[in-house]
$ cat input-v8.txt   # compact mmCIF, C-alpha atoms and all ligand atoms
# COMPACT_ATOMS: atom_id res chain seq x y z
CA MET A 1 -9.62 19.05 73.60
CA MET A 2 -9.02 18.36 69.95
CA LYS A 3 -5.50 18.91 68.77
CA ARG A 4 -6.12 20.95 65.67
CA GLY A 5 -2.79 20.28 63.94
CA MET A 6 -2.94 16.52 64.34
CA ILE A 7 -6.06 15.96 62.30
CA MET A 8 -4.17 17.20 59.27
CA GLN A 9 -2.14 13.98 58.96
CA THR A 10 -2.16 13.15 55.26
CA VAL A 11 -1.45 10.40 52.76
CA THR A 12 0.27 11.16 49.46
CA LEU A 13 -1.58 10.02 46.36
CA ARG A 14 0.26 8.59 43.34
CA ASN A 15 0.27 12.03 41.67
CA GLY A 16 1.75 13.75 44.74
CA VAL A 17 -1.52 15.27 45.99
CA GLU A 18 -1.81 15.26 49.78
CA MET A 19 -5.10 13.88 51.09
CA PRO A 20 -6.13 14.10 54.76
CA ILE A 21 -6.25 10.63 56.33
CA LEU A 22 -9.35 11.64 58.30
CA GLY A 23 -12.39 13.28 56.77
CA PHE A 24 -16.10 13.72 57.32
CA GLY A 25 -18.81 11.85 55.38
CA VAL A 26 -22.36 13.07 54.80
CA TYR A 27 -24.20 10.01 53.47
CA GLN A 28 -27.82 9.86 54.66
CA VAL A 29 -27.72 13.45 55.89
CA HIS A 30 -30.56 14.40 53.58
CA ASP A 31 -31.95 17.42 55.39
CA ALA A 32 -30.20 20.56 54.11
CA ALA A 33 -30.22 22.44 57.42
CA LEU A 34 -28.89 19.41 59.27
CA CYS A 35 -26.20 18.84 56.66
CA GLU A 36 -25.14 22.47 56.81
CA ARG A 37 -24.94 22.30 60.62
CA VAL A 38 -22.88 19.10 60.79
CA VAL A 39 -20.44 20.19 58.07
CA SER A 40 -20.00 23.51 59.90
CA GLU A 41 -19.33 21.60 63.11
CA ALA A 42 -16.90 19.29 61.34
CA LEU A 43 -14.95 22.19 59.86
CA ALA A 44 -14.86 23.87 63.28
CA ALA A 45 -13.61 20.60 64.81
CA GLY A 46 -10.71 20.59 62.34
CA TYR A 47 -11.83 18.23 59.56
CA ARG A 48 -10.51 19.34 56.20
CA LEU A 49 -11.83 16.52 53.99
CA ILE A 50 -15.55 16.48 53.20
CA ASP A 51 -16.98 13.45 51.36
CA THR A 52 -20.27 13.94 49.54
CA ALA A 53 -21.86 12.59 46.34
CA SER A 54 -24.36 13.78 43.77
CA ALA A 55 -26.57 10.89 44.90
CA TYR A 56 -26.63 12.16 48.52
CA GLY A 57 -28.61 15.23 47.44
CA ASN A 58 -26.67 17.49 49.80
CA GLU A 59 -23.92 19.06 47.71
CA ALA A 60 -25.54 22.50 47.96
CA ALA A 61 -25.79 22.24 51.76
CA VAL A 62 -22.11 21.27 51.94
CA ALA A 63 -21.32 24.36 49.84
CA THR A 64 -23.29 26.63 52.16
CA ALA A 65 -21.41 25.31 55.20
CA ILE A 66 -18.04 25.79 53.49
CA ASP A 67 -19.04 29.24 52.35
CA LYS A 68 -20.11 30.32 55.84
CA SER A 69 -17.00 28.88 57.50
CA CYS A 70 -13.82 30.90 57.70
CA VAL A 71 -11.86 28.01 56.19
CA PRO A 72 -10.40 28.91 52.78
CA ARG A 73 -11.53 26.65 49.92
CA GLU A 74 -7.95 25.65 49.18
CA ASP A 75 -7.59 24.26 52.72
CA ILE A 76 -10.49 21.86 52.13
CA PHE A 77 -10.20 18.53 50.32
CA LEU A 78 -13.58 18.22 48.65
CA THR A 79 -14.78 14.89 47.26
CA THR A 80 -17.92 14.17 45.29
CA LYS A 81 -19.04 11.23 43.18
CA LEU A 82 -20.53 10.51 39.79
CA TRP A 83 -23.77 8.53 40.00
CA VAL A 84 -24.61 5.47 37.84
CA GLN A 85 -27.31 7.35 35.93
CA ASP A 86 -24.64 9.83 34.77
CA GLN A 87 -22.11 7.30 33.57
CA GLY A 88 -20.69 7.76 30.06
CA TYR A 89 -18.45 10.36 28.43
CA GLU A 90 -20.97 13.14 27.74
CA ASN A 91 -23.10 12.50 30.82
CA ALA A 92 -20.09 12.53 33.11
CA LYS A 93 -18.90 15.89 31.79
CA LYS A 94 -22.36 17.33 32.35
CA ALA A 95 -22.72 15.79 35.82
CA PHE A 96 -19.32 17.16 36.80
CA GLU A 97 -20.43 20.72 35.92
CA THR A 98 -23.70 20.23 37.82
CA SER A 99 -21.82 19.06 40.92
CA LEU A 100 -19.41 21.99 40.71
CA GLU A 101 -22.30 24.40 40.45
CA LYS A 102 -24.03 22.89 43.48
CA LEU A 103 -20.79 22.83 45.41
CA GLY A 104 -20.09 26.47 44.55
CA THR A 105 -16.54 25.76 43.43
CA ASP A 106 -14.57 25.71 40.20
CA TYR A 107 -12.54 22.59 40.95
CA LEU A 108 -12.74 19.31 42.85
CA ASP A 109 -10.04 17.72 44.95
CA LEU A 110 -11.34 14.23 44.24
CA TYR A 111 -13.98 12.95 41.84
CA LEU A 112 -14.99 9.31 42.13
CA ILE A 113 -17.05 6.98 39.96
CA HIS A 114 -19.55 6.02 42.67
CA GLN A 115 -20.39 2.50 41.55
CA PRO A 116 -18.91 -0.05 39.12
CA PHE A 117 -22.07 -0.12 37.00
CA GLY A 118 -22.89 1.53 33.69
CA ASP A 119 -20.38 2.96 31.21
CA ASN A 120 -17.36 3.31 33.51
CA TYR A 121 -14.93 3.65 30.64
CA GLY A 122 -16.77 6.53 29.00
CA SER A 123 -16.87 8.30 32.36
CA TRP A 124 -13.22 7.59 32.96
CA ARG A 125 -12.19 9.21 29.65
CA ALA A 126 -14.15 12.32 30.62
CA MET A 127 -12.55 12.35 34.07
CA GLU A 128 -9.08 11.91 32.60
CA GLN A 129 -9.66 14.96 30.42
CA LEU A 130 -11.03 17.04 33.31
CA TYR A 131 -8.00 16.00 35.34
CA GLU A 132 -5.61 16.94 32.55
CA ALA A 133 -7.38 20.29 32.21
CA GLY A 134 -6.65 20.94 35.91
CA ARG A 135 -10.29 20.90 37.00
CA ILE A 136 -9.90 17.92 39.34
CA ARG A 137 -6.83 17.36 41.52
CA ALA A 138 -7.32 13.58 41.79
CA ILE A 139 -9.62 11.03 40.16
CA GLY A 140 -10.71 7.67 41.44
CA VAL A 141 -13.42 5.10 41.88
CA SER A 142 -15.60 3.62 44.58
CA ASN A 143 -16.79 0.08 45.18
CA PHE A 144 -14.38 -1.27 42.58
CA TYR A 145 -13.18 -4.64 43.79
CA PRO A 146 -9.92 -6.27 42.62
CA ASP A 147 -11.33 -7.47 39.27
CA ARG A 148 -12.82 -4.13 38.20
CA LEU A 149 -10.04 -2.00 39.64
CA THR A 150 -7.32 -4.03 37.96
CA ASP A 151 -9.16 -3.94 34.64
CA LEU A 152 -9.54 -0.16 34.84
CA CYS A 153 -5.87 0.27 35.73
CA ILE A 154 -4.85 -1.83 32.73
CA ASN A 155 -7.06 0.11 30.31
CA ALA A 156 -6.77 3.65 31.67
CA LYS A 157 -4.48 6.37 30.37
CA ILE A 158 -4.42 7.89 33.86
CA MET A 159 -4.56 5.37 36.68
CA PRO A 160 -7.10 5.92 39.46
CA MET A 161 -5.57 7.46 42.57
CA VAL A 162 -8.17 6.33 45.13
CA ASP A 163 -10.66 3.48 45.55
CA GLN A 164 -13.30 4.06 48.23
CA VAL A 165 -14.67 0.73 49.45
CA GLU A 166 -16.45 -0.62 52.51
CA VAL A 167 -13.88 -1.36 55.23
CA HIS A 168 -14.37 -1.93 58.96
CA PRO A 169 -13.39 -4.53 61.57
CA PHE A 170 -16.06 -6.98 60.36
CA PHE A 171 -15.03 -6.60 56.69
CA GLN A 172 -11.34 -5.82 56.53
CA GLN A 173 -10.78 -6.12 52.77
CA GLN A 174 -7.31 -7.62 53.03
CA GLU A 175 -7.29 -8.85 49.41
CA ALA A 176 -8.59 -5.53 48.04
CA MET A 177 -6.03 -3.65 50.12
CA GLU A 178 -3.14 -5.75 48.85
CA ASN A 179 -4.32 -5.37 45.27
CA MET A 180 -4.55 -1.59 45.69
CA LYS A 181 -1.10 -1.48 47.21
CA GLN A 182 0.32 -3.30 44.19
CA LEU A 183 -1.49 -0.95 41.83
CA GLY A 184 -0.49 2.20 43.75
CA VAL A 185 -4.12 3.08 44.51
CA GLN A 186 -4.94 4.64 47.89
CA ILE A 187 -7.65 2.81 49.84
CA GLU A 188 -10.38 4.90 51.47
CA ALA A 189 -12.95 3.34 53.80
CA TRP A 190 -16.65 3.99 53.61
CA GLY A 191 -18.64 2.74 56.58
CA PRO A 192 -15.46 2.87 58.68
CA LEU A 193 -17.57 2.34 61.81
CA ALA A 194 -19.58 -0.44 60.13
CA GLU A 195 -22.50 2.01 60.15
CA GLY A 196 -22.94 0.90 63.76
CA ARG A 197 -23.99 -2.63 62.72
CA ARG A 198 -23.58 -5.79 64.81
CA GLU A 199 -23.59 -3.61 67.93
CA ILE A 200 -20.04 -2.58 67.12
CA PHE A 201 -20.03 0.23 69.68
CA GLN A 202 -20.72 -2.34 72.42
CA ASN A 203 -18.16 -4.85 71.15
CA GLU A 204 -16.21 -6.34 74.06
CA THR A 205 -12.88 -6.73 72.27
CA LEU A 206 -12.93 -3.12 71.10
CA SER A 207 -14.13 -1.82 74.49
CA ALA A 208 -11.34 -3.66 76.29
CA ILE A 209 -8.73 -2.18 73.95
CA GLY A 210 -10.22 1.28 74.39
CA ALA A 211 -10.11 0.98 78.19
CA LYS A 212 -6.33 0.63 78.03
CA TYR A 213 -5.95 3.99 76.33
CA ASP A 214 -8.99 5.76 77.82
CA LYS A 215 -10.50 5.84 74.32
CA THR A 216 -13.97 5.01 73.01
CA VAL A 217 -14.76 2.11 70.69
CA ALA A 218 -15.16 4.54 67.78
CA GLN A 219 -11.72 6.00 68.47
CA VAL A 220 -10.16 2.53 68.62
CA ILE A 221 -11.70 1.57 65.26
CA LEU A 222 -10.62 4.81 63.59
CA ARG A 223 -7.11 4.44 65.00
CA TRP A 224 -6.95 0.86 63.65
CA HIS A 225 -7.79 2.17 60.17
CA ILE A 226 -5.14 4.89 60.40
CA GLN A 227 -2.47 2.38 61.44
CA ARG A 228 -3.41 0.29 58.37
CA GLY A 229 -2.94 3.38 56.19
CA VAL A 230 -6.64 3.60 55.31
CA VAL A 231 -8.26 7.01 54.73
CA ILE A 232 -11.45 7.30 56.83
CA ILE A 233 -14.54 9.47 56.55
CA PRO A 234 -16.76 8.71 59.57
CA LYS A 235 -20.18 10.33 59.60
CA SER A 236 -22.06 11.63 62.62
CA ILE A 237 -24.85 14.11 63.20
CA HIS A 238 -23.81 14.62 66.83
CA LYS A 239 -21.36 17.40 67.63
CA GLU A 240 -19.72 15.51 70.50
CA ARG A 241 -19.14 12.47 68.27
CA ILE A 242 -17.89 14.62 65.39
CA GLU A 243 -15.26 15.95 67.82
CA GLU A 244 -14.65 12.56 69.46
CA ASN A 245 -13.81 11.04 66.08
CA THR A 246 -10.94 13.50 65.62
CA ASN A 247 -9.16 12.49 68.82
CA VAL A 248 -7.34 9.57 67.27
CA PHE A 249 -3.83 10.89 66.74
CA ASP A 250 -2.50 10.81 70.31
CA PHE A 251 -2.28 7.06 70.92
CA GLU A 252 -1.02 3.97 69.14
CA LEU A 253 -2.56 0.49 69.17
CA SER A 254 -0.12 -2.27 70.08
CA VAL A 255 0.71 -5.22 67.82
CA GLU A 256 -1.54 -7.34 70.08
CA GLY A 257 -4.39 -4.83 69.80
CA MET A 258 -4.11 -4.77 66.01
CA ALA A 259 -4.07 -8.59 65.96
CA ALA A 260 -7.16 -8.79 68.18
CA ILE A 261 -9.05 -6.55 65.75
CA ALA A 262 -7.70 -8.52 62.75
CA ALA A 263 -9.37 -11.59 64.27
CA MET A 264 -12.80 -9.89 64.04
CA ASP A 265 -12.88 -10.08 60.22
CA THR A 266 -15.84 -12.02 58.83
CA GLY A 267 -14.53 -11.63 55.28
CA HIS A 268 -17.81 -10.38 53.84
CA SER A 269 -20.18 -7.43 53.83
CA GLU A 270 -23.56 -7.44 55.49
CA LEU A 271 -24.44 -4.11 53.90
CA ILE A 272 -24.17 -4.71 50.15
CA ASP A 273 -22.93 -7.31 47.67
CA HIS A 274 -21.36 -5.69 44.62
CA TYR A 275 -21.19 -9.02 42.83
CA SER A 276 -24.92 -9.73 42.93
CA ALA A 277 -27.30 -9.23 40.00
CA ALA A 278 -29.82 -7.69 42.39
CA THR A 279 -27.36 -4.94 43.37
CA ALA A 280 -26.55 -4.19 39.71
CA LYS A 281 -30.26 -3.93 38.90
CA TRP A 282 -31.05 -1.84 41.97
CA LEU A 283 -28.24 0.69 41.55
CA ASN A 284 -28.94 1.05 37.82
CA SER A 285 -32.55 1.86 38.69
CA VAL A 286 -31.80 4.66 41.17
CA LYS A 287 -32.44 7.99 39.44
CA ILE A 288 -31.22 11.22 40.99
CA HIS A 289 -32.61 13.54 38.33
CA GLU A 290 -34.95 13.53 35.31
P1 LIG A 301 -20.08 5.09 59.37
O1 LIG A 301 -19.32 6.36 59.33
O2 LIG A 301 -19.37 3.80 59.47
O3 LIG A 301 -21.09 5.08 60.57
C1 LIG A 301 -21.97 6.13 60.84
C2 LIG A 301 -22.80 5.71 62.05
O4 LIG A 301 -21.98 5.66 63.22
C3 LIG A 301 -23.92 6.68 62.33
O5 LIG A 301 -25.03 5.90 62.76
C4 LIG A 301 -23.38 7.51 63.49
O6 LIG A 301 -24.44 7.93 64.33
C5 LIG A 301 -22.51 6.52 64.22
N1 LIG A 301 -21.37 7.15 64.90
C6 LIG A 301 -20.44 7.97 64.35
N2 LIG A 301 -19.50 8.30 65.26
C7 LIG A 301 -19.86 7.69 66.42
C8 LIG A 301 -19.30 7.65 67.71
N3 LIG A 301 -18.17 8.31 67.99
N4 LIG A 301 -19.93 6.93 68.66
C9 LIG A 301 -21.07 6.24 68.38
N5 LIG A 301 -21.66 6.24 67.17
C10 LIG A 301 -21.05 6.96 66.20
O7 LIG A 301 -21.07 4.97 58.10
P2 LIG A 301 -21.30 5.75 56.75
O8 LIG A 301 -21.91 7.08 57.00
O9 LIG A 301 -22.03 4.85 55.85
O10 LIG A 301 -19.85 5.92 56.12
C11 LIG A 301 -19.09 7.09 56.22
C12 LIG A 301 -19.10 7.88 54.92
O11 LIG A 301 -18.65 7.07 53.84
C13 LIG A 301 -20.48 8.32 54.45
O12 LIG A 301 -21.01 9.38 55.21
C14 LIG A 301 -20.21 8.65 53.01
O13 LIG A 301 -19.57 9.91 52.89
C15 LIG A 301 -19.28 7.51 52.64
N6 LIG A 301 -20.01 6.36 52.04
C16 LIG A 301 -19.73 6.02 50.75
C17 LIG A 301 -20.34 4.94 50.15
C18 LIG A 301 -19.99 4.57 48.74
O14 LIG A 301 -20.67 3.75 48.13
N7 LIG A 301 -18.95 5.15 48.20
C19 LIG A 301 -21.29 4.18 50.86
C20 LIG A 301 -21.58 4.54 52.17
C21 LIG A 301 -20.92 5.61 52.75
P3 LIG A 301 -24.92 9.47 64.44
O15 LIG A 301 -24.87 10.06 63.06
O16 LIG A 301 -26.29 9.33 64.99
O17 LIG A 301 -23.96 10.13 65.39

$ encode --input "input-v8.txt" --output "structure tokens" --more "lines below"
Ligand code: NAP
Amino acid sequence: MMKRGMIMQTVTLRNGVEMPILGFGVYQVHDAALCERVVSEALAAGYRLIDTASAYGNEAAVATAIDKSCVPREDIFLTTKLWVQDQGYENAKKAFETSLEKLGTDYLDLYLIHQPFGDNYGSWRAMEQLYEAGRIRAIGVSNFYPDRLTDLCINAKIMPMVDQVEVHPFFQQQEAMENMKQLGVQIEAWGPLAEGRREIFQNETLSAIGAKYDKTVAQVILRWHIQRGVVIIPKSIHKERIEENTNVFDFELSVEGMAAIAAMDTGHSELIDHYSAATAKWLNSVKIHE
């Protein structure tokens, strides 16, 4: 059985806001009914952080699930993201209001610039103002690697509190993590389970570690993230996995276990390359509205 209190373990952001270390992501859950069901199941399982984005097209379904749950809004840490098409000062302000309307709320817990493309600095000024006006509890970025993150931190009035980047055993982001630590930015992992790539759930190293604790591979990976201080937002459309992914607070990986997983790092992503011209062109071309 899930231990309801334990899932509420938090990290403290640079501005003092408490953020759950474990949340639920809804990328690629396009169908509204499905999204509503899985978010309802996640809330019932004890998750209190929901990670969506305007580009996922499911903010309204997330809102319906929250609305139908008996969990008060203030107990939920709600994240959404600003898409590339909406970058820039005026656009960002408008996109923020659109997201709030879809999410059926009058504030966000965390608003992230989704991608490091387009007019980040215009968006950031808008987000700083929305933050100062008390409409967002924390502001941050996503997919900003050390160069972009450092540049933003140098030029911002309000420093980003979170950077959500790809992190999993095959791509451990040691350099990005150290840079964030120095800058006081909390790291959050997208794709914490490597989106199931490279047959990660059948991986022998991870299975052997799991056998010692009677835990699944997914639980071992999520525990590894938690012990590195990384916020995680695993996604699943299966109720039993949604629950399984919460049972990660009642065991501790040994130094040897952590070292065995550290040795799995390939040092690069197989999902996306944020330094390539093709990625910049592709993400700039994705339109989520007229
Ligand atoms: P992920 O959480 O690493 O992996 C999800 C995959 O793992 C799904 O195929 C899921 O299958 C499977 N899975 C989940 N739990 C499992 C378990 N216990 N046992 C076996 N399989 C399991 O990938 P992700 O969805 O890409 O990343 C998580 C969240 O990060 C997203 O939902 C989104 O909120 C965010 N994200 C952000 C960005 C960004 O650019 N900022 C990019 C990608 C993702 P089933 O669903 O079939 O159970």

$ closest_residue --input "input-v8.txt" --among "A:Thr80, A:Asn203, A:Ser123, A:Ser40" --to "Ile136 of chain A" --atoms "only C-alpha atoms"
A:Thr80

$ residues_near_ligand --input "input-v8.txt" --ligand "ligand LIG 301 (chain A)" --cutoff "6 Å" --atoms "all atoms listed in the file" --output "ChimeraX atom specification"
/A:25-27,51-52,114,142,164,190-196,218,233-238,241,244-245

$ residues_around --input "input-v8.txt" --residues "Glu243 of chain A" --least-positions-apart "2" --cutoff "8 Å" --atoms "all atoms listed in the file" --output "CSV table (one decimal) with C-alpha atoms, in the coordinates of the input"
chain,number,residue,atom,x,y,z
A,2,MET,CA,-9.0,18.4,70.0
A,42,ALA,CA,-16.9,19.3,61.3
A,45,ALA,CA,-13.6,20.6,64.8
A,239,LYS,CA,-21.4,17.4,67.6
A,240,GLU,CA,-19.7,15.5,70.5
A,241,ARG,CA,-19.1,12.5,68.3
A,245,ASN,CA,-13.8,11.0,66.1
A,246,THR,CA,-10.9,13.5,65.6
A,247,ASN,CA,-9.2,12.5,68.8

$ closest_residue --input "input-v8.txt" --among "A:Ile187, A:Leu130, A:Leu13, A:Leu112" --to "Leu82 of chain A" --atoms "only C-alpha atoms"
A:Leu112

$ residues_near_point --input "input-v8.txt" --point "(-32.4, 17.8, 49.6)" --cutoff "12 Å" --atoms "only C-alpha atoms" --output "compact mmCIF listing (two decimals) with C-alpha atoms, keeping the file's coordinate frame"
# COMPACT_ATOMS: atom_id res chain seq x y z
CA TYR A 27 -24.20 10.01 53.47
CA GLN A 28 -27.82 9.86 54.66
CA VAL A 29 -27.72 13.45 55.89
CA HIS A 30 -30.56 14.40 53.58
CA ASP A 31 -31.95 17.42 55.39
CA ALA A 32 -30.20 20.56 54.11
CA ALA A 33 -30.22 22.44 57.42
CA LEU A 34 -28.89 19.41 59.27
CA CYS A 35 -26.20 18.84 56.66
CA GLU A 36 -25.14 22.47 56.81
CA SER A 54 -24.36 13.78 43.77
CA ALA A 55 -26.57 10.89 44.90
CA TYR A 56 -26.63 12.16 48.52
CA GLY A 57 -28.61 15.23 47.44
CA ASN A 58 -26.67 17.49 49.80
CA GLU A 59 -23.92 19.06 47.71
CA ALA A 60 -25.54 22.50 47.96
CA ALA A 61 -25.79 22.24 51.76
CA VAL A 62 -22.11 21.27 51.94
CA LYS A 102 -24.03 22.89 43.48
CA ILE A 288 -31.22 11.22 40.99

$ residues_around --input "input-v8.txt" --residues "segment 170-177 of chain A" --least-positions-apart "2" --cutoff "6 Å" --atoms "all atoms listed in the file" --output "number ranges by chain"
A: 146, 167-168, 179-180, 264-269

$ closest_residue --input "input-v8.txt" --among "A:Trp224, A:Phe251, A:Phe117, A:Tyr47" --to "Lys212 of chain A" --atoms "all atoms listed in the file"
A:Phe251

$ residues_around --input "input-v8.txt" --residues "Gly184 of chain A" --least-positions-apart "5" --cutoff "9 Å" --atoms "all atoms listed in the file" --output "PyMOL selection string"
chain A and resi 13-14+159-162+179

$ atom_distance --input "input-v8.txt" --atom1 "atom CA of Trp124 of chain A" --atom2 "atom CA of Ala53 of chain A"
16.7 Å

$ closest_residue --input "input-v8.txt" --among "A:Ile66, A:Ile139, A:Leu43, A:Val38" --to "Gly104 of chain A" --atoms "all atoms listed in the file"
A:Ile66

$ residues_around --input "input-v8.txt" --residues "Gln85 of chain A" --least-positions-apart "5" --cutoff "9 Å" --atoms "only C-alpha atoms" --output "list in words"
Asn91, Gly118, Leu283, Asn284, Ser285, Val286, Lys287, Ile288 and His289 of chain A

$ atom_distance --input "input-v8.txt" --atom1 "atom CA of Val141 of chain A" --atom2 "atom CA of Gly229 of chain A"
17.8 Å

$ axis_aligned_box --input "input-v8.txt" --around "segment 58-69 of chain A" --padding-each-side "5 Å" --output "AutoDock Vina command-line options"
--center_x -21.8 --center_y 23.9 --center_z 52.6 --size_x 19.7 --size_y 22.8 --size_z 19.8

$ atom_distance --input "input-v8.txt" --atom1 "atom CA of Val217 of chain A" --atom2 "atom CA of Thr79 of chain A"
26.7 Å

$ closest_residue --input "input-v8.txt" --among "A:Val11, A:Val220, A:Leu108, A:Val230" --to "Asp163 of chain A" --atoms "all atoms listed in the file"
A:Val230

$ closest_residue --input "input-v8.txt" --among "A:Arg48, A:Lys94, A:Arg135, A:Arg197" --to "Pro72 of chain A" --atoms "only C-alpha atoms"
A:Arg48
